[in-house]
>>> print(open('start.csv').read())   # CSV, C-alpha atoms
chain,number,residue,atom,x,y,z
A,1173,MET,CA,0.0,0.0,0.0
A,1174,GLY,CA,1.5,3.3,-1.1
A,1175,PHE,CA,1.4,6.3,1.3
A,1176,SER,CA,3.3,9.3,2.4
A,1177,ILE,CA,3.7,10.4,6.0
A,1178,MET,CA,2.0,13.7,5.4
A,1179,LYS,CA,-1.0,12.2,3.6
A,1180,ILE,CA,-4.2,14.0,4.6
A,1181,THR,CA,-7.1,11.6,5.3
A,1182,LYS,CA,-10.5,11.8,6.9
A,1183,THR,CA,-11.7,10.1,9.9
A,1184,PHE,CA,-15.4,10.5,10.4
A,1185,PHE,CA,-18.0,9.4,12.9
A,1186,THR,CA,-21.3,9.0,11.0
A,1187,THR,CA,-23.4,9.1,14.2
A,1188,ALA,CA,-22.5,12.6,15.0
A,1189,SER,CA,-22.0,13.7,11.4
A,1190,VAL,CA,-18.7,15.4,12.4
A,1191,PHE,CA,-15.7,15.4,10.1
A,1192,LEU,CA,-12.2,15.6,11.5
A,1193,ILE,CA,-9.1,16.1,9.3
A,1194,VAL,CA,-6.1,14.2,10.5
A,1195,PHE,CA,-2.6,13.3,9.3
A,1196,SER,CA,-2.3,9.5,8.8
A,1197,ILE,CA,-1.1,6.8,6.5
A,1198,SER,CA,-4.5,5.5,5.3
A,1199,PHE,CA,-8.2,6.2,5.3
A,1200,PHE,CA,-10.5,5.0,8.1
A,1201,ALA,CA,-14.1,5.4,8.9
A,1202,PHE,CA,-16.4,4.1,11.7
A,1203,SER,CA,-19.8,2.6,11.0
A,1204,LYS,CA,-22.6,4.2,12.8
A,1205,ASP,CA,-24.2,0.8,13.6
A,1206,THR,CA,-21.5,-1.5,14.6
A,1207,ASN,CA,-18.3,0.6,15.2
A,1208,ALA,CA,-16.8,-1.3,12.3
A,1209,VAL,CA,-13.6,0.3,11.0
A,1210,ILE,CA,-13.4,0.9,7.3
A,1211,GLN,CA,-9.9,1.2,5.7
A,1212,ILE,CA,-9.1,1.8,2.0
A,1213,LEU,CA,-6.3,-0.3,0.7
A,1214,PHE,CA,-4.2,0.2,-2.5
A,1215,ASP,CA,-5.9,3.5,-3.3
A,1216,ASP,CA,-2.9,4.5,-5.4
A,1217,GLN,CA,-2.7,1.2,-7.3
A,1218,LEU,CA,-6.3,0.1,-7.9
A,1219,GLU,CA,-9.2,1.8,-9.6
A,1220,LYS,CA,-12.7,0.8,-10.5
A,1221,THR,CA,-12.5,-2.7,-8.9
A,1222,GLU,CA,-15.5,-5.0,-9.3
A,1223,GLY,CA,-15.0,-8.8,-8.9
A,1224,ILE,CA,-13.3,-10.4,-5.9
A,1225,ALA,CA,-12.7,-14.0,-5.0
A,1226,LEU,CA,-11.2,-16.0,-2.1
A,1227,CYS,CA,-9.9,-19.4,-3.1
A,1228,PRO,CA,-9.9,-22.4,-0.7
A,1229,ASN,CA,-6.1,-22.1,-0.5
A,1230,GLY,CA,-6.4,-18.6,0.9
A,1231,ARG,CA,-5.4,-16.6,-2.2
A,1232,LEU,CA,-7.5,-13.5,-2.7
A,1233,PHE,CA,-8.0,-12.0,-6.1
A,1234,VAL,CA,-9.5,-8.7,-7.3
A,1235,ALA,CA,-10.5,-7.5,-10.8
A,1236,GLU,CA,-10.2,-4.0,-12.2
A,1237,ASN,CA,-13.2,-3.6,-14.5
A,1238,ALA,CA,-11.8,-0.9,-16.8
A,1239,SER,CA,-8.2,-2.1,-17.2
A,1240,GLY,CA,-9.1,-5.8,-17.5
A,1241,LYS,CA,-6.4,-6.7,-15.0
A,1242,ILE,CA,-6.6,-9.3,-12.2
A,1243,TYR,CA,-4.5,-8.8,-9.1
A,1244,GLU,CA,-3.7,-11.0,-6.2
A,1245,ILE,CA,-3.9,-9.4,-2.8
A,1246,VAL,CA,-0.9,-11.1,-1.1
A,1247,ASP,CA,-1.5,-9.1,2.1
A,1248,ASP,CA,-2.8,-5.6,3.0
A,1249,GLU,CA,0.4,-4.0,1.7
A,1250,THR,CA,1.3,-6.2,-1.2
A,1251,LEU,CA,-0.5,-6.3,-4.5
A,1252,LYS,CA,0.7,-8.5,-7.4
A,1253,LEU,CA,-0.5,-8.6,-11.0
A,1254,PHE,CA,-1.9,-12.0,-11.7
A,1255,SER,CA,-3.4,-11.9,-15.2
A,1256,GLU,CA,-4.6,-9.3,-17.7
A,1257,GLY,CA,-6.2,-8.8,-21.1
A,1258,PHE,CA,-9.8,-9.4,-20.1
A,1259,ASN,CA,-12.8,-7.5,-21.4
A,1260,HIS,CA,-14.3,-5.6,-18.5
A,1261,PRO,CA,-14.2,-8.5,-16.0
A,1262,ALA,CA,-17.1,-8.5,-13.5
A,1263,GLY,CA,-17.8,-11.3,-11.0
A,1264,MET,CA,-15.2,-13.9,-10.0
A,1265,ALA,CA,-15.2,-17.2,-8.1
A,1266,CYS,CA,-12.8,-20.0,-7.2
A,1267,ASP,CA,-13.7,-23.7,-7.4
A,1268,SER,CA,-12.7,-26.4,-5.0
A,1269,GLY,CA,-9.5,-27.0,-7.0
A,1270,ASN,CA,-8.5,-23.3,-6.5
A,1271,ARG,CA,-9.2,-22.5,-10.2
A,1272,LEU,CA,-10.3,-18.9,-10.8
A,1273,TYR,CA,-13.3,-18.1,-12.9
A,1274,LEU,CA,-14.5,-14.7,-14.2
A,1275,VAL,CA,-17.1,-13.3,-16.5
A,1276,GLU,CA,-16.5,-10.7,-19.2
A,1277,PHE,CA,-19.6,-8.5,-18.9
A,1278,PRO,CA,-19.9,-7.0,-22.4
A,1279,ALA,CA,-18.3,-9.9,-24.3
A,1280,GLY,CA,-20.6,-12.5,-22.7
A,1281,ASN,CA,-17.9,-15.0,-21.8
A,1282,LEU,CA,-17.1,-17.2,-18.8
A,1283,LYS,CA,-13.3,-17.6,-18.5
A,1284,ARG,CA,-11.1,-19.9,-16.4
A,1285,ILE,CA,-7.6,-18.9,-15.6
A,1286,SER,CA,-4.6,-21.2,-15.0
A,1287,GLU,CA,-3.1,-21.4,-11.5
A,1288,ASP,CA,-0.1,-19.2,-12.4
A,1289,GLY,CA,-2.3,-16.7,-14.3
A,1290,SER,CA,-0.4,-17.1,-17.6
A,1291,LYS,CA,-3.3,-18.6,-19.6
A,1292,SER,CA,-7.1,-18.4,-19.7
A,1293,GLU,CA,-9.7,-20.4,-21.6
A,1294,THR,CA,-13.3,-19.7,-22.5
A,1295,ILE,CA,-15.7,-22.1,-20.8
A,1296,ALA,CA,-18.9,-20.6,-22.1
A,1297,SER,CA,-19.9,-17.8,-24.4
A,1298,GLY,CA,-23.0,-16.1,-25.7
A,1299,LEU,CA,-24.1,-15.1,-22.2
A,1300,LYS,CA,-26.1,-11.9,-22.0
A,1301,GLN,CA,-24.2,-9.5,-19.7
A,1302,PRO,CA,-22.8,-12.1,-17.3
A,1303,ASN,CA,-22.3,-10.5,-14.0
A,1304,GLY,CA,-22.0,-12.8,-11.0
A,1305,VAL,CA,-20.3,-16.2,-10.7
A,1306,ALA,CA,-20.5,-19.1,-8.2
A,1307,ALA,CA,-18.7,-22.4,-8.3
A,1308,ALA,CA,-20.2,-25.6,-6.8
A,1309,ALA,CA,-18.1,-28.4,-5.3
A,1310,ASP,CA,-19.0,-30.7,-8.2
A,1311,GLY,CA,-17.6,-28.3,-10.8
A,1312,THR,CA,-20.9,-26.8,-11.9
A,1313,ILE,CA,-20.7,-23.0,-12.4
A,1314,TYR,CA,-23.7,-20.6,-11.8
A,1315,VAL,CA,-23.7,-17.4,-13.8
A,1316,SER,CA,-26.2,-14.5,-13.5
A,1317,GLU,CA,-27.1,-12.8,-16.8
A,1318,SER,CA,-28.1,-9.2,-16.1
A,1319,GLU,CA,-29.5,-8.4,-19.5
A,1320,ALA,CA,-31.5,-11.6,-19.6
A,1321,GLY,CA,-32.6,-11.4,-16.0
A,1322,ARG,CA,-31.8,-15.0,-15.4
A,1323,VAL,CA,-29.3,-17.5,-13.9
A,1324,THR,CA,-27.6,-20.1,-16.1
A,1325,VAL,CA,-26.0,-23.3,-15.0
A,1326,ILE,CA,-22.9,-24.5,-16.8
A,1327,ALA,CA,-22.0,-28.1,-16.3
A,1328,PRO,CA,-18.4,-29.3,-16.2
A,1329,ASP,CA,-18.8,-30.5,-19.8
A,1330,GLY,CA,-19.8,-27.1,-20.9
A,1331,GLU,CA,-23.5,-27.8,-21.3
A,1332,LYS,CA,-25.8,-24.8,-20.4
A,1333,GLU,CA,-29.1,-24.9,-18.6
A,1334,ILE,CA,-31.3,-22.0,-17.4
A,1335,LEU,CA,-32.0,-22.4,-13.7
A,1336,ALA,CA,-34.3,-19.4,-13.2
A,1337,GLU,CA,-35.7,-16.4,-15.1
A,1338,LYS,CA,-37.5,-13.1,-14.4
A,1339,ILE,CA,-34.9,-11.8,-12.0
A,1340,PRO,CA,-34.7,-8.1,-13.0
A,1341,TYR,CA,-31.0,-7.4,-13.6
A,1342,ALA,CA,-29.7,-10.5,-11.9
A,1343,ASN,CA,-26.4,-9.7,-10.3
A,1344,GLY,CA,-24.3,-11.2,-7.4
A,1345,VAL,CA,-24.7,-14.9,-6.7
A,1346,LEU,CA,-23.8,-17.1,-3.8
A,1347,LEU,CA,-24.2,-20.8,-3.2
A,1348,ALA,CA,-25.2,-22.0,0.3
A,1349,ASN,CA,-26.6,-25.0,2.2
A,1350,GLY,CA,-24.3,-27.6,0.6
A,1351,ASP,CA,-24.8,-25.9,-2.9
A,1352,THR,CA,-28.5,-26.7,-2.8
A,1353,LEU,CA,-29.5,-23.0,-2.5
A,1354,LEU,CA,-28.4,-20.1,-4.7
A,1355,PHE,CA,-28.8,-16.5,-3.4
A,1356,VAL,CA,-29.2,-14.0,-6.2
A,1357,ASN,CA,-29.3,-10.2,-6.0
A,1358,SER,CA,-31.8,-8.5,-8.2
A,1359,SER,CA,-30.4,-4.9,-8.8
A,1360,LEU,CA,-33.6,-3.6,-10.4
A,1361,GLY,CA,-35.9,-5.6,-8.2
A,1362,ASN,CA,-34.2,-4.2,-5.1
A,1363,LYS,CA,-34.1,-7.5,-3.4
A,1364,THR,CA,-32.2,-10.8,-2.8
A,1365,VAL,CA,-33.9,-13.9,-3.9
A,1366,VAL,CA,-33.1,-17.6,-3.1
A,1367,ILE,CA,-33.4,-20.4,-5.6
A,1368,SER,CA,-33.4,-24.1,-5.1
A,1369,THR,CA,-30.7,-25.8,-7.2
A,1370,ALA,CA,-31.8,-29.4,-6.8
A,1371,GLY,CA,-34.8,-31.7,-6.1
A,1372,ASP,CA,-38.4,-31.1,-6.9
A,1373,ASP,CA,-38.1,-27.4,-6.2
A,1374,LYS,CA,-35.2,-26.9,-8.5
A,1375,GLY,CA,-35.5,-23.5,-10.2
A,1376,LYS,CA,-38.1,-22.2,-7.8
A,1377,LYS,CA,-37.3,-18.8,-6.3
A,1378,LYS,CA,-38.7,-16.6,-3.5
A,1379,THR,CA,-37.8,-13.3,-2.0
A,1380,PHE,CA,-35.2,-13.6,0.8
A,1381,ALA,CA,-34.6,-9.9,1.8
A,1382,SER,CA,-35.9,-6.5,0.7
A,1383,PRO,CA,-35.9,-3.7,0.1
A,1384,LEU,CA,-32.2,-3.2,-0.9
A,1385,LEU,CA,-31.5,-0.4,-3.3
A,1386,ALA,CA,-29.7,-1.9,-6.3
A,1387,PRO,CA,-27.9,-4.8,-4.4
A,1388,ASP,CA,-24.8,-6.0,-6.1
A,1389,GLY,CA,-22.4,-8.7,-4.7
A,1390,ILE,CA,-23.1,-11.1,-1.9
A,1391,THR,CA,-21.1,-13.3,0.5
A,1392,ALA,CA,-21.6,-15.0,3.8
A,1393,ASP,CA,-19.9,-15.7,7.2
A,1394,ASN,CA,-19.6,-18.8,9.2
A,1395,ALA,CA,-22.4,-17.9,11.5
A,1396,GLY,CA,-25.1,-18.0,8.8
A,1397,ASN,CA,-25.2,-14.2,8.1
A,1398,PHE,CA,-25.2,-12.8,4.5
A,1399,TYR,CA,-23.5,-9.6,3.5
A,1400,VAL,CA,-24.7,-7.6,0.5
A,1401,CYS,CA,-23.2,-4.6,-1.2
A,1402,VAL,CA,-26.1,-2.1,-1.4
A,1403,TYR,CA,-24.7,-0.3,-4.4
A,1404,GLY,CA,-27.6,2.3,-4.6
A,1405,LYS,CA,-26.9,3.6,-1.1
A,1406,GLY,CA,-23.2,2.9,-0.7
A,1407,GLU,CA,-23.8,0.6,2.1
A,1408,ILE,CA,-23.1,-2.9,3.4
A,1409,ALA,CA,-26.1,-4.9,4.7
A,1410,ARG,CA,-25.9,-7.8,7.0
A,1411,ILE,CA,-28.8,-10.2,6.6
A,1412,ASP,CA,-29.6,-13.0,9.1
A,1413,GLU,CA,-30.9,-16.4,8.1
A,1414,LYS,CA,-34.5,-15.1,8.5
A,1415,GLY,CA,-33.9,-12.3,6.1
A,1416,LYS,CA,-33.7,-9.5,8.6
A,1417,VAL,CA,-31.6,-6.6,7.2
A,1418,GLU,CA,-29.1,-4.5,9.3
A,1419,ILE,CA,-26.9,-1.9,7.7
A,1420,ILE,CA,-23.4,-2.3,9.2
A,1421,SER,CA,-21.4,0.2,7.0
A,1422,SER,CA,-22.3,3.3,5.0
A,1423,GLY,CA,-20.6,6.0,3.0
A,1424,LEU,CA,-18.9,3.7,0.6
A,1425,LYS,CA,-18.3,4.6,-3.0
A,1426,GLY,CA,-19.8,2.1,-5.5
A,1427,PRO,CA,-19.5,-1.0,-3.3
A,1428,ALA,CA,-19.7,-3.9,-5.7
A,1429,SER,CA,-18.4,-7.3,-4.4
A,1430,PRO,CA,-17.5,-8.6,-0.9
A,1431,ALA,CA,-15.3,-11.4,0.3
A,1432,PHE,CA,-14.3,-12.5,3.8
A,1433,LYS,CA,-10.7,-13.3,4.7
A,1434,ASN,CA,-9.3,-13.8,8.2
A,1435,GLY,CA,-12.4,-12.2,9.8
A,1436,ALA,CA,-12.3,-9.0,7.7
A,1437,LEU,CA,-14.6,-8.1,4.9
A,1438,TYR,CA,-13.0,-6.9,1.7
A,1439,VAL,CA,-15.2,-4.9,-0.6
A,1440,THR,CA,-14.5,-3.6,-4.1
A,1441,SER,CA,-15.3,-0.1,-5.3
A,1442,VAL,CA,-16.4,0.0,-8.9
A,1443,ASN,CA,-16.7,3.8,-8.8
A,1444,GLY,CA,-13.6,4.6,-6.7
A,1445,LYS,CA,-10.0,3.8,-6.0
A,1446,GLY,CA,-8.6,0.9,-4.0
A,1447,ILE,CA,-10.7,-1.6,-2.1
A,1448,TYR,CA,-12.3,-1.4,1.3
A,1449,LYS,CA,-11.3,-3.5,4.3
A,1450,ILE,CA,-14.0,-3.6,7.0
A,1451,THR,CA,-13.1,-4.9,10.5
A,1452,GLN,CA,-14.9,-4.9,13.8
A,1453,PRO,CA,-13.6,-5.0,17.4
A,1454,PRO,CA,-13.3,-8.6,18.6
A,1455,THR,CA,-16.3,-8.4,20.8
A,1456,LEU,CA,-18.5,-7.6,17.8
A,1457,GLN,CA,-17.1,-10.0,15.2
A,1458,LYS,CA,-19.5,-12.6,14.0
A,1459,HIS,CA,-17.4,-14.2,11.4
>>> encode(input="start.csv", output="structure tokens")
Amino acid sequence: MGFSIMKITKTFFTTASVFLIVFSISFFAFSKDTNAVIQILFDDQLEKTEGIALCPNGRLFVAENASGKIYEIVDDETLKLFSEGFNHPAGMACDSGNRLYLVEFPAGNLKRISEDGSKSETIASGLKQPNGVAAAADGTIYVSESEAGRVTVIAPDGEKEILAEKIPYANGVLLANGDTLLFVNSSLGNKTVVISTAGDDKGKKKTFASPLLAPDGITADNAGNFYVCVYGKGEIARIDEKGKVEIISSGLKGPASPAFKNGALYVTSVNGKGIYKITQPPTLQKH
């Protein structure tokens, strides 16, 4: 993370709506609801970040939408170029074998990148504004298609199947409950829906949480809570297993995709620079 000793940053307490200028080496904020601390990382190296993915081996990747570059976040001070040359990469996900997948939003492709980042291959094409990606343990890939308002399932052999439709601007996706449930954010529907991926109810969907103004990416913690980037309000919402919504952070610029690592929530900023790292005092952590 680049910085200078005399860098001017803002620390603000949203409860009192008071802004205080301080000299520091990075940017911090405190959430009005949970006392969570928000730090901006790599604000001099990353811009317009969108997709983010944590692999089972602990490697964390982030995508720059405009530049088409994928970076590995080695730690909070070390960023490494992993792969490049992609057409506006959006959502990303890792499978159980630590292989990284991403979608190219305008080109309509699902790509898989080699472990060293030197090569990529097209797994599926012809998708209509693919946006979110989720990888199941059996190798099945779930992709949201924003323009089509649907979720498409891509089998390991490349065969495509529509899982569910009529999801206005389908966006971030997350598998849960042993990959039997898929949570999907509907950015134009202002809600999160849950879809069954197997059994007699396969493809059936219902509203899980609302209202959420233009929800984007989604992730979950180990306690059964879901975290949604509320793009339309610059917020992060925590949603319990019953669908109750609690705003835990606000004042973010274009929050797009979240991922947990070591108890901290990393959030991309599609309209800003760097990425957010959101942490809480130990007594408040639920991850």
>>> atom_distance(input="start.csv", atom1="CA of Lys1338 in chain A", atom2="CA of Lys1363 in chain A")
12.8 Å
>>> closest_residue(input="start.csv", among="A:Ile1419, A:Ile1242, A:Ala1436, A:Ile1367", to="Ser1290 in chain A", atoms="all atoms listed in the file")
A:Ile1242
>>> atom_distance(input="start.csv", atom1="CA of Ile1447 in chain A", atom2="CA of Thr1221 in chain A")
7.1 Å
>>> atom_distance(input="start.csv", atom1="CA of Ala1309 in chain A", atom2="CA of Ser1292 in chain A")
20.7 Å
>>> residues_around(input="start.csv", residues="Lys1449 in chain A", least_positions_apart="4", cutoff="6 Å", atoms="all atoms listed in the file", output="VMD selection string")
chain A and resid 1210 to 1211 1437 to 1438
>>> residues_around(input="start.csv", residues="Lys1220 in chain A", least_positions_apart="4", cutoff="6 Å", atoms="only C-alpha atoms", output="list in words")
Glu1236, Asn1237, Ser1441, Val1442, Asn1443 and Gly1444 of chain A
>>> residues_near_point(input="start.csv", point="(-24.5, 4.0, -3.7)", cutoff="12 Å", atoms="all atoms listed in the file", output="mmCIF file with C-alpha atoms, in the coordinates of the input")
data_model
loop_
_atom_site.group_PDB
_atom_site.id
_atom_site.type_symbol
_atom_site.label_atom_id
_atom_site.label_comp_id
_atom_site.auth_asym_id
_atom_site.auth_seq_id
_atom_site.Cartn_x
_atom_site.Cartn_y
_atom_site.Cartn_z
ATOM 1 C CA SER A 1359 -30.400 -4.900 -8.800
ATOM 2 C CA LEU A 1384 -32.200 -3.200 -0.900
ATOM 3 C CA LEU A 1385 -31.500 -0.400 -3.300
ATOM 4 C CA ALA A 1386 -29.700 -1.900 -6.300
ATOM 5 C CA PRO A 1387 -27.900 -4.800 -4.400
ATOM 6 C CA ASP A 1388 -24.800 -6.000 -6.100
ATOM 7 C CA CYS A 1401 -23.200 -4.600 -1.200
ATOM 8 C CA VAL A 1402 -26.100 -2.100 -1.400
ATOM 9 C CA TYR A 1403 -24.700 -0.300 -4.400
ATOM 10 C CA GLY A 1404 -27.600 2.300 -4.600
ATOM 11 C CA LYS A 1405 -26.900 3.600 -1.100
ATOM 12 C CA GLY A 1406 -23.200 2.900 -0.700
ATOM 13 C CA GLU A 1407 -23.800 0.600 2.100
ATOM 14 C CA ILE A 1408 -23.100 -2.900 3.400
ATOM 15 C CA SER A 1421 -21.400 0.200 7.000
ATOM 16 C CA SER A 1422 -22.300 3.300 5.000
ATOM 17 C CA GLY A 1423 -20.600 6.000 3.000
ATOM 18 C CA LEU A 1424 -18.900 3.700 0.600
ATOM 19 C CA LYS A 1425 -18.300 4.600 -3.000
ATOM 20 C CA GLY A 1426 -19.800 2.100 -5.500
ATOM 21 C CA PRO A 1427 -19.500 -1.000 -3.300
ATOM 22 C CA ALA A 1428 -19.700 -3.900 -5.700
ATOM 23 C CA SER A 1441 -15.300 -0.100 -5.300
ATOM 24 C CA VAL A 1442 -16.400 0.000 -8.900
ATOM 25 C CA ASN A 1443 -16.700 3.800 -8.800
ATOM 26 C CA GLY A 1444 -13.600 4.600 -6.700
#
>>> closest_residue(input="start.csv", among="A:Ala1265, A:Ile1326, A:Ala1395, A:Val1234", to="Ile1295 in chain A", atoms="all atoms listed in the file")
A:Ile1326
>>> build_atoms(input="start.csv", residues="range 1334-1351 of chain A", atoms="N, CA, C and O atoms", output="compact mmCIF listing (two decimals), in the coordinates of the input")
# COMPACT_ATOMS: atom_id res chain seq x y z
N ILE A 1334 -30.77 -23.17 -18.16
CA ILE A 1334 -31.30 -22.00 -17.40
C ILE A 1334 -31.95 -22.54 -16.13
O ILE A 1334 -32.81 -23.41 -16.14
N LEU A 1335 -31.49 -21.98 -15.02
CA LEU A 1335 -32.00 -22.40 -13.70
C LEU A 1335 -33.26 -21.59 -13.35
O LEU A 1335 -34.26 -22.16 -12.88
N ALA A 1336 -33.22 -20.28 -13.53
CA ALA A 1336 -34.30 -19.40 -13.20
C ALA A 1336 -34.33 -18.16 -14.00
O ALA A 1336 -33.27 -17.68 -14.41
N GLU A 1337 -35.53 -17.61 -14.24
CA GLU A 1337 -35.70 -16.40 -15.10
C GLU A 1337 -36.49 -15.36 -14.30
O GLU A 1337 -36.87 -15.56 -13.15
N LYS A 1338 -36.74 -14.25 -14.97
CA LYS A 1338 -37.50 -13.10 -14.40
C LYS A 1338 -36.96 -12.62 -13.11
O LYS A 1338 -37.65 -12.43 -12.12
N ILE A 1339 -35.64 -12.39 -13.16
CA ILE A 1339 -34.90 -11.80 -12.00
C ILE A 1339 -34.37 -10.44 -12.58
O ILE A 1339 -33.33 -10.45 -13.25
N PRO A 1340 -35.07 -9.33 -12.37
CA PRO A 1340 -34.70 -8.10 -13.00
C PRO A 1340 -33.20 -7.69 -12.65
O PRO A 1340 -32.85 -7.49 -11.51
N TYR A 1341 -32.39 -7.63 -13.68
CA TYR A 1341 -31.00 -7.40 -13.60
C TYR A 1341 -30.30 -8.25 -12.53
O TYR A 1341 -29.80 -7.80 -11.51
N ALA A 1342 -30.31 -9.55 -12.81
CA ALA A 1342 -29.70 -10.50 -11.90
C ALA A 1342 -28.19 -10.16 -11.77
O ALA A 1342 -27.50 -9.90 -12.76
N ASN A 1343 -27.70 -10.15 -10.54
CA ASN A 1343 -26.40 -9.70 -10.30
C ASN A 1343 -25.57 -10.66 -9.43
O ASN A 1343 -25.37 -11.79 -9.84
N GLY A 1344 -25.13 -10.28 -8.24
CA GLY A 1344 -24.30 -11.20 -7.40
C GLY A 1344 -24.98 -12.46 -7.05
O GLY A 1344 -26.18 -12.50 -6.81
N VAL A 1345 -24.20 -13.55 -7.01
CA VAL A 1345 -24.70 -14.90 -6.70
C VAL A 1345 -23.86 -15.53 -5.61
O VAL A 1345 -22.66 -15.29 -5.52
N LEU A 1346 -24.50 -16.39 -4.82
CA LEU A 1346 -23.80 -17.10 -3.80
C LEU A 1346 -24.46 -18.44 -3.51
O LEU A 1346 -25.67 -18.51 -3.28
N LEU A 1347 -23.67 -19.51 -3.52
CA LEU A 1347 -24.20 -20.80 -3.20
C LEU A 1347 -24.11 -21.05 -1.67
O LEU A 1347 -23.19 -20.58 -1.01
N ALA A 1348 -25.10 -21.77 -1.14
CA ALA A 1348 -25.20 -22.00 0.30
C ALA A 1348 -25.87 -23.36 0.54
O ALA A 1348 -26.41 -23.98 -0.38
N ASN A 1349 -25.87 -23.79 1.80
CA ASN A 1349 -26.60 -25.00 2.20
C ASN A 1349 -26.14 -26.21 1.37
O ASN A 1349 -26.96 -26.93 0.82
N GLY A 1350 -24.82 -26.43 1.32
CA GLY A 1350 -24.30 -27.60 0.60
C GLY A 1350 -24.58 -27.46 -0.93
O GLY A 1350 -24.78 -28.47 -1.61
N ASP A 1351 -24.57 -26.25 -1.44
CA ASP A 1351 -24.80 -25.90 -2.90
C ASP A 1351 -26.22 -26.24 -3.32
O ASP A 1351 -26.48 -26.30 -4.53
